[in-house]
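Peer 1: So here's coords31.pdb (PDB, N, CA and C atoms).
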```
MODEL        1
ATOM      1  N   MET I   1      -1.268  -1.739 -23.835
ATOM      2  CA  MET I   1      -0.362  -1.647 -22.717
ATOM      3  C   MET I   1       0.553  -2.871 -22.731
ATOM      4  N   GLU I   2       1.826  -2.627 -22.626
ATOM      5  CA  GLU I   2       2.814  -3.706 -22.616
ATOM      6  C   GLU I   2       3.236  -3.996 -21.188
ATOM      7  N   TYR I   3       3.371  -5.270 -20.860
ATOM      8  CA  TYR I   3       3.792  -5.686 -19.525
ATOM      9  C   TYR I   3       5.280  -5.395 -19.366
ATOM     10  N   ASN I   4       5.631  -4.577 -18.401
ATOM     11  CA  ASN I   4       7.016  -4.248 -18.114
ATOM     12  C   ASN I   4       7.342  -4.791 -16.726
ATOM     13  N   SER I   5       8.080  -5.895 -16.690
ATOM     14  CA  SER I   5       8.375  -6.584 -15.428
ATOM     15  C   SER I   5       9.026  -5.674 -14.400
ATOM     16  N   PHE I   6       9.953  -4.831 -14.834
ATOM     17  CA  PHE I   6      10.650  -3.958 -13.897
ATOM     18  C   PHE I   6       9.682  -2.958 -13.268
ATOM     19  N   GLU I   7       8.845  -2.319 -14.083
ATOM     20  CA  GLU I   7       7.892  -1.332 -13.565
ATOM     21  C   GLU I   7       6.875  -1.975 -12.629
ATOM     22  N   VAL I   8       6.409  -3.166 -12.990
ATOM     23  CA  VAL I   8       5.471  -3.880 -12.120
ATOM     24  C   VAL I   8       6.155  -4.220 -10.801
ATOM     25  N   GLY I   9       7.381  -4.708 -10.866
ATOM     26  CA  GLY I   9       8.126  -5.034  -9.651
ATOM     27  C   GLY I   9       8.310  -3.828  -8.747
ATOM     28  N   GLN I  10       8.611  -2.686  -9.346
ATOM     29  CA  GLN I  10       8.783  -1.470  -8.556
ATOM     30  C   GLN I  10       7.466  -1.016  -7.940
ATOM     31  N   ALA I  11       6.371  -1.189  -8.676
ATOM     32  CA  ALA I  11       5.047  -0.832  -8.141
ATOM     33  C   ALA I  11       4.706  -1.725  -6.945
ATOM     34  N   ILE I  12       5.022  -3.009  -7.048
ATOM     35  CA  ILE I  12       4.770  -3.934  -5.935
ATOM     36  C   ILE I  12       5.613  -3.523  -4.733
ATOM     37  N   ARG I  13       6.872  -3.211  -4.980
ATOM     38  CA  ARG I  13       7.765  -2.780  -3.893
ATOM     39  C   ARG I  13       7.214  -1.529  -3.207
ATOM     40  N   GLU I  14       6.766  -0.553  -3.996
ATOM     41  CA  GLU I  14       6.202   0.673  -3.436
ATOM     42  C   GLU I  14       4.988   0.378  -2.569
ATOM     43  N   GLN I  15       4.106  -0.492  -3.048
ATOM     44  CA  GLN I  15       2.914  -0.849  -2.279
ATOM     45  C   GLN I  15       3.298  -1.592  -0.997
ATOM     46  N   ARG I  16       4.291  -2.467  -1.086
ATOM     47  CA  ARG I  16       4.758  -3.207   0.093
ATOM     48  C   ARG I  16       5.291  -2.248   1.150
ATOM     49  N   ILE I  17       6.118  -1.317   0.729
ATOM     50  CA  ILE I  17       6.693  -0.336   1.654
ATOM     51  C   ILE I  17       5.603   0.550   2.242
ATOM     52  N   LYS I  18       4.651   0.929   1.420
ATOM     53  CA  LYS I  18       3.526   1.755   1.872
ATOM     54  C   LYS I  18       2.742   1.050   2.988
ATOM     55  N   CYS I  19       2.686  -0.289   2.920
ATOM     56  CA  CYS I  19       1.994  -1.090   3.942
ATOM     57  C   CYS I  19       2.906  -1.453   5.113
ATOM     58  N   HIS I  20       4.139  -0.926   5.104
ATOM     59  CA  HIS I  20       5.111  -1.178   6.172
ATOM     60  C   HIS I  20       5.396  -2.673   6.342
ATOM     61  N   LYS I  21       5.551  -3.370   5.219
ATOM     62  CA  LYS I  21       5.864  -4.798   5.246
ATOM     63  C   LYS I  21       7.275  -5.014   4.719
ATOM     64  N   THR I  22       7.960  -5.974   5.322
ATOM     65  CA  THR I  22       9.248  -6.380   4.772
ATOM     66  C   THR I  22       8.966  -7.354   3.632
ATOM     67  N   ILE I  23       9.974  -7.602   2.841
ATOM     68  CA  ILE I  23       9.800  -8.563   1.755
ATOM     69  C   ILE I  23       9.532  -9.960   2.312
ATOM     70  N   GLU I  24      10.119 -10.262   3.471
ATOM     71  CA  GLU I  24       9.879 -11.550   4.127
ATOM     72  C   GLU I  24       8.430 -11.694   4.552
ATOM     73  N   GLU I  25       7.877 -10.628   5.125
ATOM     74  CA  GLU I  25       6.475 -10.656   5.552
ATOM     75  C   GLU I  25       5.540 -10.835   4.363
ATOM     76  N   LEU I  26       5.796 -10.083   3.300
ATOM     77  CA  LEU I  26       4.951 -10.198   2.116
ATOM     78  C   LEU I  26       5.045 -11.597   1.529
ATOM     79  N   ALA I  27       6.250 -12.112   1.422
ATOM     80  CA  ALA I  27       6.444 -13.455   0.869
ATOM     81  C   ALA I  27       5.671 -14.491   1.683
ATOM     82  N   PHE I  28       5.736 -14.385   2.992
ATOM     83  CA  PHE I  28       5.019 -15.309   3.869
ATOM     84  C   PHE I  28       3.513 -15.210   3.634
ATOM     85  N   GLU I  29       2.999 -13.983   3.537
ATOM     86  CA  GLU I  29       1.555 -13.770   3.406
ATOM     87  C   GLU I  29       0.995 -14.256   2.069
ATOM     88  N   VAL I  30       1.823 -14.297   1.030
ATOM     89  CA  VAL I  30       1.356 -14.791  -0.276
ATOM     90  C   VAL I  30       1.886 -16.195  -0.569
ATOM     91  N   ASN I  31       2.466 -16.813   0.467
ATOM     92  CA  ASN I  31       2.952 -18.195   0.369
ATOM     93  C   ASN I  31       3.979 -18.381  -0.750
ATOM     94  N   ARG I  32       4.928 -17.462  -0.815
ATOM     95  CA  ARG I  32       6.040 -17.542  -1.762
ATOM     96  C   ARG I  32       7.334 -17.378  -0.981
ATOM     97  N   SER I  33       8.435 -17.740  -1.582
ATOM     98  CA  SER I  33       9.714 -17.550  -0.911
ATOM     99  C   SER I  33      10.152 -16.087  -1.033
ATOM    100  N   LYS I  34      11.017 -15.683  -0.115
ATOM    101  CA  LYS I  34      11.593 -14.333  -0.174
ATOM    102  C   LYS I  34      12.324 -14.170  -1.510
ATOM    103  N   TYR I  35      13.027 -15.205  -1.925
ATOM    104  CA  TYR I  35      13.770 -15.183  -3.184
ATOM    105  C   TYR I  35      12.828 -14.936  -4.369
ATOM    106  N   HIS I  36      11.707 -15.643  -4.396
ATOM    107  CA  HIS I  36      10.723 -15.490  -5.469
ATOM    108  C   HIS I  36      10.205 -14.051  -5.522
ATOM    109  N   MET I  37       9.831 -13.518  -4.373
ATOM    110  CA  MET I  37       9.294 -12.152  -4.332
ATOM    111  C   MET I  37      10.370 -11.130  -4.689
ATOM    112  N   ASN I  38      11.601 -11.389  -4.308
ATOM    113  CA  ASN I  38      12.694 -10.492  -4.661
ATOM    114  C   ASN I  38      12.875 -10.447  -6.183
ATOM    115  N   LEU I  39      12.804 -11.605  -6.824
ATOM    116  CA  LEU I  39      12.928 -11.643  -8.288
ATOM    117  C   LEU I  39      11.790 -10.875  -8.965
ATOM    118  N   ILE I  40      10.602 -10.978  -8.419
ATOM    119  CA  ILE I  40       9.464 -10.244  -8.987
ATOM    120  C   ILE I  40       9.675  -8.749  -8.805
ATOM    121  N   GLU I  41      10.084  -8.326  -7.614
ATOM    122  CA  GLU I  41      10.314  -6.896  -7.377
ATOM    123  C   GLU I  41      11.439  -6.350  -8.252
ATOM    124  N   LEU I  42      12.431  -7.176  -8.544
ATOM    125  CA  LEU I  42      13.536  -6.749  -9.406
ATOM    126  C   LEU I  42      13.152  -6.762 -10.890
ATOM    127  N   GLY I  43      12.044  -7.411 -11.201
ATOM    128  CA  GLY I  43      11.589  -7.471 -12.590
ATOM    129  C   GLY I  43      12.215  -8.597 -13.386
ATOM    130  N   THR I  44      12.884  -9.526 -12.726
ATOM    131  CA  THR I  44      13.519 -10.628 -13.452
ATOM    132  C   THR I  44      12.635 -11.868 -13.502
ATOM    133  N   ARG I  45      11.492 -11.814 -12.827
ATOM    134  CA  ARG I  45      10.534 -12.912 -12.861
ATOM    135  C   ARG I  45       9.145 -12.325 -13.048
ATOM    136  N   LYS I  46       8.358 -12.975 -13.894
ATOM    137  CA  LYS I  46       6.995 -12.511 -14.149
ATOM    138  C   LYS I  46       6.054 -13.069 -13.094
ATOM    139  N   MET I  47       4.973 -12.363 -12.909
ATOM    140  CA  MET I  47       3.986 -12.771 -11.919
ATOM    141  C   MET I  47       2.740 -13.254 -12.635
ATOM    142  N   GLY I  48       2.089 -14.248 -12.067
ATOM    143  CA  GLY I  48       0.854 -14.775 -12.623
ATOM    144  C   GLY I  48      -0.367 -14.100 -12.020
ATOM    145  N   MET I  49      -1.511 -14.387 -12.600
ATOM    146  CA  MET I  49      -2.762 -13.796 -12.129
ATOM    147  C   MET I  49      -3.069 -14.193 -10.685
ATOM    148  N   GLU I  50      -2.764 -15.435 -10.318
ATOM    149  CA  GLU I  50      -3.033 -15.884  -8.954
ATOM    150  C   GLU I  50      -2.291 -15.005  -7.956
ATOM    151  N   LEU I  51      -1.029 -14.740  -8.225
ATOM    152  CA  LEU I  51      -0.248 -13.880  -7.337
ATOM    153  C   LEU I  51      -0.785 -12.457  -7.357
ATOM    154  N   LEU I  52      -1.219 -11.984  -8.517
ATOM    155  CA  LEU I  52      -1.806 -10.643  -8.600
ATOM    156  C   LEU I  52      -2.991 -10.527  -7.651
ATOM    157  N   PHE I  53      -3.896 -11.502  -7.689
ATOM    158  CA  PHE I  53      -5.059 -11.482  -6.791
ATOM    159  C   PHE I  53      -4.625 -11.517  -5.328
ATOM    160  N   GLU I  54      -3.619 -12.322  -5.002
ATOM    161  CA  GLU I  54      -3.139 -12.410  -3.631
ATOM    162  C   GLU I  54      -2.527 -11.084  -3.176
ATOM    163  N   LEU I  55      -1.754 -10.445  -4.046
ATOM    164  CA  LEU I  55      -1.136  -9.160  -3.696
ATOM    165  C   LEU I  55      -2.188  -8.074  -3.483
ATOM    166  N   ILE I  56      -3.224  -8.079  -4.306
ATOM    167  CA  ILE I  56      -4.310  -7.107  -4.145
ATOM    168  C   ILE I  56      -4.897  -7.234  -2.738
ATOM    169  N   THR I  57      -5.108  -8.465  -2.306
ATOM    170  CA  THR I  57      -5.697  -8.717  -0.987
ATOM    171  C   THR I  57      -4.742  -8.350   0.135
ATOM    172  N   VAL I  58      -3.524  -8.863   0.069
ATOM    173  CA  VAL I  58      -2.550  -8.675   1.144
ATOM    174  C   VAL I  58      -2.108  -7.222   1.277
ATOM    175  N   LEU I  59      -1.975  -6.529   0.153
ATOM    176  CA  LEU I  59      -1.523  -5.136   0.186
ATOM    177  C   LEU I  59      -2.681  -4.145   0.316
ATOM    178  N   HIS I  60      -3.907  -4.672   0.369
ATOM    179  CA  HIS I  60      -5.105  -3.835   0.537
ATOM    180  C   HIS I  60      -5.148  -2.721  -0.513
ATOM    181  N   THR I  61      -5.022  -3.125  -1.755
ATOM    182  CA  THR I  61      -4.985  -2.151  -2.848
ATOM    183  C   THR I  61      -5.739  -2.708  -4.046
ATOM    184  N   ASP I  62      -5.556  -2.098  -5.185
ATOM    185  CA  ASP I  62      -6.222  -2.560  -6.403
ATOM    186  C   ASP I  62      -5.187  -3.003  -7.426
ATOM    187  N   ALA I  63      -5.659  -3.611  -8.493
ATOM    188  CA  ALA I  63      -4.765  -4.142  -9.529
ATOM    189  C   ALA I  63      -3.972  -3.034 -10.204
ATOM    190  N   ASN I  64      -4.581  -1.873 -10.394
ATOM    191  CA  ASN I  64      -3.863  -0.772 -11.038
ATOM    192  C   ASN I  64      -2.618  -0.394 -10.250
ATOM    193  N   SER I  65      -2.733  -0.372  -8.930
ATOM    194  CA  SER I  65      -1.587  -0.017  -8.092
ATOM    195  C   SER I  65      -0.511  -1.088  -8.139
ATOM    196  N   VAL I  66      -0.926  -2.355  -8.086
ATOM    197  CA  VAL I  66       0.041  -3.445  -8.135
ATOM    198  C   VAL I  66       0.749  -3.481  -9.483
ATOM    199  N   LEU I  67       0.023  -3.202 -10.552
ATOM    200  CA  LEU I  67       0.605  -3.249 -11.901
ATOM    201  C   LEU I  67       1.278  -1.941 -12.306
ATOM    202  N   GLY I  68       1.186  -0.933 -11.462
ATOM    203  CA  GLY I  68       1.851   0.332 -11.752
ATOM    204  C   GLY I  68       1.184   1.147 -12.840
ATOM    205  N   ILE I  69      -0.136   1.011 -12.958
ATOM    206  CA  ILE I  69      -0.869   1.797 -13.956
ATOM    207  C   ILE I  69      -1.076   3.189 -13.384
ATOM    208  N   PRO I  70      -0.614   4.217 -14.099
ATOM    209  CA  PRO I  70      -0.698   5.584 -13.579
ATOM    210  C   PRO I  70      -2.138   6.038 -13.354
ATOM    211  N   VAL I  71      -2.306   6.838 -12.295
ATOM    212  CA  VAL I  71      -3.611   7.394 -11.966
ATOM    213  C   VAL I  71      -3.473   8.909 -11.929
ATOM    214  N   ILE I  72      -4.427   9.593 -12.559
ATOM    215  CA  ILE I  72      -4.434  11.055 -12.556
ATOM    216  C   ILE I  72      -5.763  11.514 -11.973
ATOM    217  N   ASN I  73      -5.703  12.372 -10.967
ATOM    218  CA  ASN I  73      -6.892  12.880 -10.294
ATOM    219  C   ASN I  73      -7.815  11.762  -9.828
ATOM    220  N   GLY I  74      -7.230  10.671  -9.337
ATOM    221  CA  GLY I  74      -8.019   9.572  -8.808
ATOM    222  C   GLY I  74      -8.600   8.637  -9.841
ATOM    223  N   ASN I  75      -8.353   8.884 -11.119
ATOM    224  CA  ASN I  75      -8.884   8.025 -12.169
ATOM    225  C   ASN I  75      -7.754   7.358 -12.928
ATOM    226  N   ALA I  76      -7.871   6.047 -13.126
ATOM    227  CA  ALA I  76      -6.868   5.334 -13.909
ATOM    228  C   ALA I  76      -6.915   5.848 -15.337
ATOM    229  N   LEU I  77      -5.757   5.860 -15.990
ATOM    230  CA  LEU I  77      -5.705   6.318 -17.363
ATOM    231  C   LEU I  77      -6.415   5.354 -18.302
ATOM    232  N   GLU I  78      -6.586   4.141 -17.864
ATOM    233  CA  GLU I  78      -7.289   3.135 -18.646
ATOM    234  C   GLU I  78      -8.434   2.611 -17.794
ATOM    235  N   THR I  79      -9.292   1.798 -18.382
ATOM    236  CA  THR I  79     -10.361   1.179 -17.614
ATOM    237  C   THR I  79      -9.739   0.410 -16.460
ATOM    238  N   SER I  80     -10.302   0.537 -15.293
ATOM    239  CA  SER I  80      -9.739  -0.087 -14.111
ATOM    240  C   SER I  80      -9.679  -1.601 -14.250
ATOM    241  N   ILE I  81      -8.490  -2.132 -14.138
ATOM    242  CA  ILE I  81      -8.302  -3.574 -14.179
ATOM    243  C   ILE I  81      -8.979  -4.196 -12.959
ATOM    244  N   ASP I  82      -8.840  -3.547 -11.830
ATOM    245  CA  ASP I  82      -9.405  -4.076 -10.596
ATOM    246  C   ASP I  82     -10.915  -4.254 -10.710
ATOM    247  N   GLU I  83     -11.603  -3.265 -11.250
ATOM    248  CA  GLU I  83     -13.052  -3.367 -11.398
ATOM    249  C   GLU I  83     -13.431  -4.511 -12.327
ATOM    250  N   ARG I  84     -12.673  -4.704 -13.368
ATOM    251  CA  ARG I  84     -12.946  -5.803 -14.287
ATOM    252  C   ARG I  84     -12.685  -7.154 -13.635
ATOM    253  N   LEU I  85     -11.605  -7.270 -12.864
ATOM    254  CA  LEU I  85     -11.280  -8.535 -12.209
ATOM    255  C   LEU I  85     -12.353  -8.933 -11.205
ATOM    256  N   LYS I  86     -12.912  -7.972 -10.503
ATOM    257  CA  LYS I  86     -13.942  -8.253  -9.503
ATOM    258  C   LYS I  86     -15.194  -8.867 -10.125
ATOM    259  N   LYS I  87     -15.439  -8.591 -11.396
ATOM    260  CA  LYS I  87     -16.648  -9.063 -12.062
ATOM    261  C   LYS I  87     -16.516 -10.474 -12.637
ATOM    262  N   LEU I  88     -15.318 -11.035 -12.604
ATOM    263  CA  LEU I  88     -15.096 -12.345 -13.203
ATOM    264  C   LEU I  88     -15.564 -13.478 -12.292
ATOM    265  N   THR I  89     -16.103 -14.515 -12.913
ATOM    266  CA  THR I  89     -16.429 -15.736 -12.173
ATOM    267  C   THR I  89     -15.126 -16.488 -11.942
ATOM    268  N   PRO I  90     -15.110 -17.454 -11.029
ATOM    269  CA  PRO I  90     -13.890 -18.252 -10.832
ATOM    270  C   PRO I  90     -13.420 -18.933 -12.120
ATOM    271  N   GLU I  91     -14.368 -19.386 -12.925
ATOM    272  CA  GLU I  91     -14.006 -20.019 -14.198
ATOM    273  C   GLU I  91     -13.335 -19.014 -15.134
ATOM    274  N   GLN I  92     -13.865 -17.802 -15.175
ATOM    275  CA  GLN I  92     -13.272 -16.762 -16.013
ATOM    276  C   GLN I  92     -11.902 -16.380 -15.488
ATOM    277  N   GLN I  93     -11.740 -16.304 -14.180
ATOM    278  CA  GLN I  93     -10.443 -15.985 -13.601
ATOM    279  C   GLN I  93      -9.417 -17.037 -14.002
ATOM    280  N   GLU I  94      -9.810 -18.299 -13.957
ATOM    281  CA  GLU I  94      -8.902 -19.375 -14.355
ATOM    282  C   GLU I  94      -8.530 -19.255 -15.831
ATOM    283  N   TYR I  95      -9.524 -18.992 -16.677
ATOM    284  CA  TYR I  95      -9.281 -18.847 -18.110
ATOM    285  C   TYR I  95      -8.308 -17.692 -18.381
ATOM    286  N   TYR I  96      -8.577 -16.542 -17.781
ATOM    287  CA  TYR I  96      -7.729 -15.381 -18.032
ATOM    288  C   TYR I  96      -6.350 -15.532 -17.402
ATOM    289  N   THR I  97      -6.262 -16.272 -16.317
ATOM    290  CA  THR I  97      -4.950 -16.568 -15.744
ATOM    291  C   THR I  97      -4.112 -17.337 -16.751
ATOM    292  N   LYS I  98      -4.708 -18.371 -17.346
ATOM    293  CA  LYS I  98      -3.991 -19.158 -18.353
ATOM    294  C   LYS I  98      -3.635 -18.303 -19.566
ATOM    295  N   MET I  99      -4.559 -17.472 -20.012
ATOM    296  CA  MET I  99      -4.330 -16.602 -21.166
ATOM    297  C   MET I  99      -3.211 -15.597 -20.863
ATOM    298  N   PHE I 100      -3.261 -14.993 -19.672
ATOM    299  CA  PHE I 100      -2.264 -14.019 -19.255
ATOM    300  C   PHE I 100      -0.876 -14.660 -19.225
ATOM    301  N   MET I 101      -0.794 -15.857 -18.646
ATOM    302  CA  MET I 101       0.490 -16.557 -18.577
ATOM    303  C   MET I 101       0.995 -16.895 -19.981
ATOM    304  N   TYR I 102       0.110 -17.300 -20.853
ATOM    305  CA  TYR I 102       0.501 -17.607 -22.232
ATOM    306  C   TYR I 102       1.077 -16.360 -22.904
ATOM    307  N   MET I 103       0.411 -15.230 -22.734
ATOM    308  CA  MET I 103       0.879 -13.989 -23.354
ATOM    309  C   MET I 103       2.238 -13.578 -22.804
ATOM    310  N   LEU I 104       2.418 -13.717 -21.490
ATOM    311  CA  LEU I 104       3.702 -13.353 -20.893
ATOM    312  C   LEU I 104       4.822 -14.269 -21.356
ATOM    313  N   ASP I 105       4.521 -15.554 -21.485
ATOM    314  CA  ASP I 105       5.539 -16.517 -21.891
ATOM    315  C   ASP I 105       5.861 -16.456 -23.371
ATOM    316  N   ASN I 106       4.957 -15.894 -24.174
ATOM    317  CA  ASN I 106       5.135 -15.890 -25.623
ATOM    318  C   ASN I 106       5.112 -14.477 -26.201
ATOM    319  N   LYS I 107       5.617 -13.518 -25.433
ATOM    320  CA  LYS I 107       5.619 -12.142 -25.922
ATOM    321  C   LYS I 107       6.582 -12.007 -27.110
ATOM    322  N   PRO I 108       6.268 -11.108 -28.049
ATOM    323  CA  PRO I 108       7.140 -10.902 -29.199
ATOM    324  C   PRO I 108       8.511 -10.398 -28.770
ATOM    325  N   ALA I 109       9.512 -10.739 -29.547
ATOM    326  CA  ALA I 109      10.890 -10.330 -29.239
ATOM    327  C   ALA I 109      11.087  -8.858 -29.377
TER
ENDMDL
END
```
I'd like the structure from this file rewritten - as structure tokens, please.

Peer 2:
Amino acid sequence: MEYNSFEVGQAIREQRIKCHKTIEELAFEVNRSKYHMNLIELGTRKMGMELLFELITVLHTDANSVLGIPVINGNALETSIDERLKKLTPEQQEYYTKMFMYMLDNKPA
């Protein structure tokens, strides 16, 4: 699966609207600026694992929904990211956050 900033941003926007939140409200709840969240929703800025965890909590959803992973008949097409994230220790979360950021920053052209 390839990270597509635009699709992820649109998935976040859909979840935000579904929760009846403005972009200002969401930005406040995840301690980011409206500008920062707007860039993420537009797909021009990548999101880190820390923000992913915060969005899962604030939007009362799972990682698959935030990342825009399609679901058919209630089952994710891939192994649920959310279920895997829940099983990580804080140390593992930190490690994978760093790894995730490295992959996003160094993706092939």

Peer 1: Can you work out the spacing between atom C of Glu29 in chain I and atom N of Thr57 in chain I in Å, to one decimal?

Peer 2: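 Going from atom C of Glu29 in chain I over to atom N of Thr57 in chain I covers 9.5 Å.
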
Peer 1: Could you go through range 20-104 of chain I and tell me which residues DSSP, when run on the backbone, assigns to alpha helix (DSSP H), listing them as an MDAnalysis selection string?

Peer 2: chainID I and resid 23:29 34:42 49:58 63:67 81:86 90:104

Peer 1: When DSSP works through the backbone of this structure, what residues of chain I end up as strand (DSSP E), shown as a list in words?

Peer 2: Val71, Ile72, Asn75 and Ala76 of chain I

Peer 1: I need the chosen residues saved as a PDB file, in the coordinates of the input, with N, CA and C atoms.

Peer 2:
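Result written to result.pdb:
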```pdb
ATOM      1  N   VAL I  71      -2.306   6.838 -12.295  1.00  0.00           N
ATOM      2  CA  VAL I  71      -3.611   7.394 -11.966  1.00  0.00           C
ATOM      3  C   VAL I  71      -3.473   8.909 -11.929  1.00  0.00           C
ATOM      4  N   ILE I  72      -4.427   9.593 -12.559  1.00  0.00           N
ATOM      5  CA  ILE I  72      -4.434  11.055 -12.556  1.00  0.00           C
ATOM      6  C   ILE I  72      -5.763  11.514 -11.973  1.00  0.00           C
ATOM      7  N   ASN I  75      -8.353   8.884 -11.119  1.00  0.00           N
ATOM      8  CA  ASN I  75      -8.884   8.025 -12.169  1.00  0.00           C
ATOM      9  C   ASN I  75      -7.754   7.358 -12.928  1.00  0.00           C
ATOM     10  N   ALA I  76      -7.871   6.047 -13.126  1.00  0.00           N
ATOM     11  CA  ALA I  76      -6.868   5.334 -13.909  1.00  0.00           C
ATOM     12  C   ALA I  76      -6.915   5.848 -15.337  1.00  0.00           C
TER      13      ALA I  76
END
```

Peer 1: With 8 Å as the threshold, what does the neighbourhood of (0.2, -10.8, -18.6) contain in terms of residues, counting only N, CA and C atoms? Coordinates are those of the file; answer as number ranges by chain.

Peer 2: I: 2-3, 47-49, 99-105

Peer 1: To verify the selection step, state as a PyMOL selection string which residues the PyMOL selection byres ((chain I and resi 8) around 7) yields on this input.

Peer 2: chain I and resi 3-7+9-13+40-41+43+66-68

Peer 1: Tell me which protein, DNA and RNA residues are within 9 Å of Arg16 in chain I, counting only C-alpha atoms, leaving out same-chain ones fewer than 6 positions away, and put them as a PDB file with N, CA and C atoms, keeping the file's coordinate frame.

Peer 2:
```pdb
ATOM      1  N   THR I  22       7.960  -5.974   5.322  1.00  0.00           N
ATOM      2  CA  THR I  22       9.248  -6.380   4.772  1.00  0.00           C
ATOM      3  C   THR I  22       8.966  -7.354   3.632  1.00  0.00           C
ATOM      4  N   ILE I  23       9.974  -7.602   2.841  1.00  0.00           N
ATOM      5  CA  ILE I  23       9.800  -8.563   1.755  1.00  0.00           C
ATOM      6  C   ILE I  23       9.532  -9.960   2.312  1.00  0.00           C
ATOM      7  N   LEU I  26       5.796 -10.083   3.300  1.00  0.00           N
ATOM      8  CA  LEU I  26       4.951 -10.198   2.116  1.00  0.00           C
ATOM      9  C   LEU I  26       5.045 -11.597   1.529  1.00  0.00           C
ATOM     10  N   LEU I  59      -1.975  -6.529   0.153  1.00  0.00           N
ATOM     11  CA  LEU I  59      -1.523  -5.136   0.186  1.00  0.00           C
ATOM     12  C   LEU I  59      -2.681  -4.145   0.316  1.00  0.00           C
TER      13      LEU I  59
END
```

Peer 1: Quick one, how far is atom N of Phe28 in chain I from atom N of Lys46 in chain I?

Peer 2: 17.1 Å

Peer 1: Please compute the atom C of Thr97 in chain I-atom N of Ile17 in chain I distance, one decimal, in Å.

Peer 2: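 Atom-to-atom, atom C of Thr97 in chain I and atom N of Ile17 in chain I are spaced 25.8 Å apart.
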
Peer 1: May I ask which of the residues I:Leu52, I:Leu85, I:Val58, I:Ala63 is the closest one to Cys19 in chain I, counting all atoms listed in the file?

Peer 2: I:Val58

Peer 1: Can you list, as a ChimeraX atom specification, every protein, DNA or RNA residue that comes within 9 Å of Glu50 in chain I when you count only C-alpha atoms, leaving out same-chain residues fewer than 4 positions away?

Peer 2: /I:54-55,93-94,97

Peer 1: Return the padded bounding box of range 29-32 of chain I as AutoDock Vina command-line options: axis-aligned, built from all atoms listed in the file, 5 Å added on each side, with centre and edge lengths in Å to one decimal.

Peer 2:
```
--center_x 4.2 --center_y -16.1 --center_z 0.9 --size_x 16.3 --size_y 14.6 --size_z 15.3
```

Peer 1: Restricting the calculation to only N, CA and C atoms: of I:Thr44, I:Leu88, I:Tyr96, I:Leu51, which residue gets closest to Val30 in chain I?

Peer 2: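 Ranking I:Thr44, I:Leu88, I:Tyr96, I:Leu51 by distance to Val30 in chain I, first place goes to I:Leu51.
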